[in-house]
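One structure below.
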Amino acid sequence: MTASETLFCEHILLPQGWSSDVLLTFGADGGIAALDTSVEAIPQTVKASGPVVPALPNLHSHAFQRAMAGLAELAGSTEDSFWTWRDSMYKLVARMSLDDIEVVATKLYSELLKGGFGHVVEFHYFHQAGADRRRGNAADTSRRILSAARGAGIGLTHLPVFYAHAGFGGTEPGEGQRPFIHTVDGFLGLLDALRPDCDAMGATLGLAIHSLRAATPDEMRAILAAEKTGGPIHIHVAEQEREVEDCLAWSGRRPVDFLLDEMPVDARWCAIHATHMTPEETARLARSGAVAGLCPATEANLGDGIFPATDYLAQGGVFGIGTDSHVATSVAEELRLLEYGQRLRDRRRNRLASGPGASVGRTMFDAALKGGAQAAGLSGHGIRIGARADLVVLDGNNPFIGAASADQILDRWLFAVGDAAVRDVMVGGQWVVREGRHRDEEAIDRRFRDVLQRLG
């Protein structure tokens, strides 16, 4: 699929709200060069087949885990939890090669595009793959992620992850964690090695600390003092109740309090999950300027808990959404589950609307767009001049979408239609999804099927 120079949109969601009869002009750099409102359709101009909205950034991905989606639903002999799921994940890691990582990531990224995402933040801690581990070059797996993003056509923020320990206080890692492990110097060298690769493909480079249990405070401070990426900083925090209990036993403080007390958390940071917070921690995280990185489908799948979104938003907190382990791969499912979790906890409806008469879908969509862009280190968000042309065209032939107007379009997409509403997706001025199909869907699916069959 080739680039379009212009796109005529009968209905489009701009930063200032819904607009009609808008002509977008795209530059050679994949950005939006011009935006003309209230124009008439021009002959020979490509016309969007339905309402146009920004493609959302996905702020949290472990791409390789897409290969195990659906394989951890067999009940064990104990109380299943995140921790038993993690054992299954370690077994998958032990079997995957460099080629497998790239094939699985390419498949995932094609699915994310079809789900309405245009950019992905890859929280990448799988640094040494299977038999390739003997070679000792941790940059190889990252380069496969970059290749997968390029092949699928999705925007990428790459976050190599520092991971050194199995538990709080510097516990030695277990055998299943060996493919993830770094020293501080080795990790800083990895960031330096990947800078040219990211620059060459236009990817944003940042970094992540896996969690407070996987890095000591001194290691975290050494990395933060020496890193030169200038990009986002992400960390898993307070995902499970056991993590909170272990952090209290180790430090006398809860994880979010410890993080905010000890680290220079600001708008560069993204606290992934942050599920288990007190009201005081919730208010502190909101005031910090950091993004809360929410992954409702994975959090539900793992039985993590429900993020205090109503209280967090009431404090002015910023959030975005990710797909984490990729049991779901769509904007609609993540946002719908976010709202439904609040409803189930509170036994009330329409929890995340910005006020009386406001659309729940529009409130969440706007918030996830803003927070996702911040967490991805993107300079702007939305459909505006100078922004990268990342667009979703919803299916105007679908009766739910075709009969809707203004914010009702988003509510119908998120709460009634789901993935089926996503018709076309453009990233950087290039059409990567047309009529619900990725540009390389057959070849990607064939390679992915071969990998799944071999991995068993």
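Order determines the names: the first chain of the structure tokens is A, the second B, and so forth; residues in each chain are numbered 1 upward, and ligands are numbered 1 upward as they are shown.
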
Which of stretch 245-363 of chain A fall in alpha helix (DSSP H), as a ChimeraX atom specification: /A:245-251,255-262,279-288,296-301,309-314,331-346,360-363

Closest pair table for stretch 110-170 of chain A residues within 9 Å of stretch 226-244 of chain A, only C-alpha atoms, as a Markdown table:
| residue | atom | partner | partner_atom | distance |
| --- | --- | --- | --- | --- |
| A:Phe123 | CA | A:His234 | CA | 8.0 |
| A:Thr157 | CA | A:Pro232 | CA | 8.6 |
| A:Leu159 | CA | A:Ile233 | CA | 7.9 |
| A:Val161 | CA | A:His234 | CA | 8.8 |

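Using only C-alpha atoms, the contacts of A:Arg348 at a cut-off of 12 Å, with sequence neighbours closer than 5 positions omitted, comprise Thr310, Glu339, Tyr340, Gly341, Gln342 and Arg343 of chain A.
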
Neighbour list for stretch 67-76 of chain A as a PyMOL selection string, cut-off 10 Å, only C-alpha atoms, skip fewer than 2 positions in-chain: chain A and resi 63-65+78-81+84-89+92-93+96+100-101+103-105+107-108+301-302+325-328+448-449+451-452+455-456

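Take the candidates A:Arg384, A:Arg439, A:His276, A:His119 and check each one against A:His60 using only C-alpha atoms; the shortest distance goes to A:His119.
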
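Atom CA of A:Cys9 lies 7.7 Å from atom CA of A:Gly50.
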
Spatial neighbours of A:Lys47, max dist 10 Å, only C-alpha atoms, sep filter under 4 positions, as a list in words: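 Those residues are Thr6, Leu7, Phe8, Cys9, Glu10, Leu23, Ala41, Ile42 and Pro43 of chain A.
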
For the selection you just gave me, I'd like the residues written to a file as a PDB file, in the first residue's frame, keeping C-alpha atoms.
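After the write, selection_23.pdb holds the following:
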ATOM      1  CA  THR A   6      -4.381  13.982   0.623  1.00  0.00           C
ATOM      2  CA  LEU A   7      -7.424  12.582   2.404  1.00  0.00           C
ATOM      3  CA  PHE A   8     -10.900  14.112   2.439  1.00  0.00           C
ATOM      4  CA  CYS A   9     -12.761  13.482   5.687  1.00  0.00           C
ATOM      5  CA  GLU A  10     -16.482  14.104   6.033  1.00  0.00           C
ATOM      6  CA  LEU A  23      -8.943  17.989   3.711  1.00  0.00           C
ATOM      7  CA  ALA A  41     -14.778  17.142  -1.832  1.00  0.00           C
ATOM      8  CA  ILE A  42     -12.241  17.430  -4.625  1.00  0.00           C
ATOM      9  CA  PRO A  43     -12.419  15.024  -7.580  1.00  0.00           C
TER      10      PRO A  43
END

Shell of 9 Å around A:Thr323, only C-alpha atoms, local chain residues under 2 positions omitted, as a list in words: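 The neighbour list is Asn58, Leu59, His60, Ser61, His62, Leu112, Leu294, Cys295, Pro296, Ala297, Thr298, Ile321, Ser325, His326, Val327, Ala328, Thr329, Ser330, Val331 and Glu334 of chain A.
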
Identify, on the basis of only C-alpha atoms, every residue whose closest approach to A:Ala28 does not exceed 9 Å; exclude the query and any residue fewer than 4 positions from it along the same chain; express the result as a CSV table (one decimal) with C-alpha atoms, in the first residue's frame.
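Printed below is part_11.csv as written:
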chain,number,residue,atom,x,y,z
A,5,GLU,CA,-1.0,12.8,-0.6
A,33,ALA,CA,1.4,19.3,6.3
A,429,GLY,CA,1.2,8.9,6.0

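Proximity of A:Met277, A:Ala138, A:Val425, A:Ile223 to A:Leu190, computed with only C-alpha atoms, is greatest for A:Ala138.
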
Straight-line distance linking atom CA of A:Leu24 with atom CA of A:Val318, stated in Å to one decimal: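 Going from atom CA of A:Leu24 over to atom CA of A:Val318, I get 29.0 Å.
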
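Distances to A:Pro54 were evaluated for A:Arg423, A:His381, A:Arg437, A:Arg268 using only C-alpha atoms, and the minimum falls at A:His381.
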
Strand (DSSP E) positions in stretch 124-252 of chain A, given as a list in words: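 Residues of stretch 124-252 of chain A classed as strand (DSSP E): His124, Gly155, Leu156, Thr157, His158, Leu159, Pro160, Val161, Phe162, Thr204, Leu205, Leu207, Ala208, Ile209, His210, Ser211, Ile233, His234, Ile235, His236 and Val237 of chain A.
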
Please write the residues from the selection above to a file, keeping C-alpha atoms, as a CSV table (one decimal), in the first residue's frame.
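Output file selection05.csv follows:
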chain,number,residue,atom,x,y,z
A,124,HIS,CA,11.7,-5.1,26.2
A,155,GLY,CA,5.5,3.6,15.2
A,156,LEU,CA,7.8,2.5,18.0
A,157,THR,CA,9.2,3.7,21.3
A,158,HIS,CA,11.8,1.2,22.4
A,159,LEU,CA,12.5,0.7,26.1
A,160,PRO,CA,15.3,-1.7,26.9
A,161,VAL,CA,14.7,-2.9,30.5
A,162,PHE,CA,17.1,-3.1,33.4
A,204,THR,CA,12.1,6.9,20.1
A,205,LEU,CA,14.6,5.4,22.6
A,207,LEU,CA,14.5,3.0,29.1
A,208,ALA,CA,12.7,1.0,31.7
A,209,ILE,CA,13.4,-0.4,35.1
A,210,HIS,CA,11.5,-3.7,35.3
A,211,SER,CA,10.3,-3.2,38.9
A,233,ILE,CA,11.3,6.1,31.8
A,234,HIS,CA,8.8,3.3,32.6
A,235,ILE,CA,8.6,0.9,35.6
A,236,HIS,CA,6.1,-1.8,36.8
A,237,VAL,CA,4.9,-0.9,40.2

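For the atom pair formed by atom CA of A:Leu337 and atom CA of A:Gly322, the distance is 12.0 Å, given to one decimal.
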